[in-house]
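*Asks:* One structure coming up, written as structure tokens, with questions to follow.
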Amino acid sequence: MLPWKRAMRPIAALLLAATAALVPATAQATDAPSSGWNNYSCKPSAAHPRPVVLVHGTLGNSVDNWLGLAPYLTHRGYCVFSLDYGQLPGVPFFHGLGPIDKSAEQLDAFVDQVLAATGAAEADLVGHSQGGMMPRYYLKFLGGAAEVNALVGIAPDNHGATLSGLTKLLPYFPGAEDLVSAATPGLADQIPGSAFLTKLNEGGDTVPGVRYTVIATKYDQVATPYRSQFLDGPGVRNVLLQDLCPVDLSEHLAIALVDRIAFHEVANALDPAHAQPTTCASVFS
């Protein structure tokens with residue numbers, strides 16, 4: 001049995017299992033391939049003047065979460081970087097489990113590193129699930145708005161993740177929420193109504209000077225209900241995949257791992273001045 005499984009008590013394991021079932025089985029070393037992304041000699045071009053920082057989701061890592069999107073963007077001339085955050089002691093590969101405010105501090109430091117290496121004044125962020133929500137803490141409380149031009153959230157749990165209602169069962173198990181908080185604080189922070197989410201969303205979803213895009217799928221079974229992913233405020237564009245391609249069946253994981261329709265919309269969000277209509281045919285782009 002893996003060490004992280006031994007460390008979990010029953011309720012925490014229940015929550016993990018609901019999401020872990022969706023994690024790709026290709027977990028490997030957490031250094032991105034040397035060719036393509038995380039190439040610190042990459043210099044942004046005039047066409048794409050900002051580096052792109054990819055922020056994985058809960059139980060993801062800097063490689064597995066981005067085996068599809070990172071090459072898609074590097075092929076289009078972007079300097080692309082990805083980080084690991086929210087690690088727990090003794091838990092390899094499966095990250096995003098630590099306190100989310102501390103994860104935001106890790107993102108802050110990583111963006112500084114990327115900007116120093118590339119010479120760019122600002123970065124663009126693309127995050128999946130928790131990785132689409134957590135950067136909002138960095139933007140709002142850690143000065144990130146001065147370093148970030150755009151945040152693109154792919155199935156972000158901006159107002160919490162009910163796991164198709166599973167988290168609503170916690171009150172029926174005395175002590176369960178305390179157990180989850182102690183074992184996996186990153187999960188507890190994502191429960192709707194948590195102290196973290198209350199602080200994050202007080203006073204509005206957005207901060208001035210940053211463009212926000214949310215890309216959601218109605219078949220999401222983790223960040224539910226899917227409309228809770230959407231943001232309100234100036235500079236926000238909320239996109240439902242099925243409005244672009246009605247036959248797109250991607251759920252919470254596939255939308256970030258393999259969905260080239262979603263990838264096309266990410267590229268549009270990164271370069272809106274040259275955006276091309278996203279349709280079902282975008283799978284071939």
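Identifiers in the structure tokens: chain A, B, ... in order shown; residue index from 1 per chain; ligand index from 1 in order shown.
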Write out as a VMD selection string the residues lying within 10 Å of region 199-212 of chain A, counting only C-alpha atoms and excluding same-chain residues fewer than 5 positions away.

*Replies:* chain A and resid 101 124 to 125 133 to 134 136 to 141 144 to 153 158 to 159 193 to 194 230 to 238 269 to 270

*Asks:* Would you write out those residues with C-alpha atoms, as a compact mmCIF listing (two decimals), in the first residue's frame?

*Replies:*
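Final output, saved to part.txt:
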# COMPACT_ATOMS: atom_id res chain seq x y z
CA ASP A 101 -2.81 29.86 0.79
CA ASP A 124 -0.17 34.42 -18.20
CA LEU A 125 -1.53 31.64 -15.98
CA MET A 133 -8.87 28.77 -8.55
CA MET A 134 -5.75 28.93 -6.34
CA ARG A 136 -6.88 34.00 -7.58
CA TYR A 137 -5.50 34.08 -4.02
CA TYR A 138 -2.09 35.02 -5.40
CA LEU A 139 -3.67 37.74 -7.55
CA LYS A 140 -5.82 39.11 -4.73
CA PHE A 141 -3.61 38.87 -1.65
CA GLY A 144 0.06 38.81 -8.29
CA ALA A 145 -2.06 41.30 -10.22
CA ALA A 146 1.10 43.30 -10.91
CA GLU A 147 2.78 40.24 -12.46
CA VAL A 148 -0.08 38.57 -14.34
CA ASN A 149 -1.90 39.62 -17.48
CA ALA A 150 -4.47 36.82 -17.71
CA LEU A 151 -5.76 33.83 -15.77
CA VAL A 152 -7.38 30.99 -17.71
CA GLY A 153 -9.20 28.47 -15.53
CA ASN A 158 -13.88 28.92 -7.96
CA HIS A 159 -16.70 28.55 -5.45
CA GLY A 193 -18.32 27.47 2.50
CA SER A 194 -14.78 26.87 3.81
CA PHE A 230 -18.00 30.87 -13.45
CA LEU A 231 -16.76 34.24 -12.24
CA ASP A 232 -18.47 37.62 -12.01
CA GLY A 233 -16.73 40.90 -12.61
CA PRO A 234 -15.09 43.10 -15.23
CA GLY A 235 -12.67 41.41 -17.59
CA VAL A 236 -14.36 37.99 -17.24
CA ARG A 237 -15.29 35.60 -20.04
CA ASN A 238 -17.15 32.45 -19.03
CA ALA A 269 -7.77 33.46 -24.24
CA LEU A 270 -4.00 33.90 -24.30

*Asks:* Might you pull out every residue within 10 Å of Gly119 (chain A), with only C-alpha atoms counted and same-chain residues fewer than 5 positions away left off, and present them as a ChimeraX atom specification?

*Replies:* /A:42-44,49-51,113-114

*Asks:* Can you work out which one of A:Leu249, A:Ala262, A:Ala256, A:Asn38 has the shortest atom-to-atom distance to Ala117 (chain A), counting only C-alpha atoms?

*Replies:* A:Asn38

*Asks:* What is the CA of Phe263 (chain A)-CA of Val53 (chain A) distance in Å, reported with one decimal?

*Replies:*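 Computed distance, CA of Phe263 (chain A) to CA of Val53 (chain A), equals 14.6 Å.
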
*Asks:* In Å, with one decimal, what is the gap from CA of Gln190 (chain A) to CA of Ile154 (chain A)?

*Replies:*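 Straight-line distance from CA of Gln190 (chain A) to CA of Ile154 (chain A) works out to 15.7 Å.
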
*Asks:* Do you know which residues are at most 7 Å from Ala216 (chain A) counting only C-alpha atoms, after dropping those on the same chain fewer than 2 positions away, and could you put them as a VMD selection string?

*Replies:* chain A and resid 154 to 155 214 218 226 239 to 241

*Asks:* Point out the residue among A:Thr58, A:Gln106, A:Ser45, A:Thr118 with the least atom-to-atom distance to Arg76 (chain A), counting only C-alpha atoms.

*Replies:*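 Using only C-alpha atoms, Arg76 (chain A) sits closest to A:Ser45.
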
*Asks:* For Leu69 (chain A), find every residue with an atom within 10 Å (counting only C-alpha atoms), except residues of its own chain fewer than 6 positions away, and show them as a PyMOL selection string.

*Replies:* chain A and resi 54+75+80+126+256-260+262-264+266-267

*Asks:* Which value, in Å to one decimal, gives the distance between CA of Asp220 (chain A) and CA of His56 (chain A)?

*Replies:*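 The value is 16.7 Å.
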
*Asks:* To test your reading of the structure, identify every residue in region 21-240 of chain A that backbone DSSP assigns to strand (DSSP E or B), and report it as number ranges by chain.

*Replies:* A: 52-55, 80-83, 123-128, 148-154, 211-216, 236-240
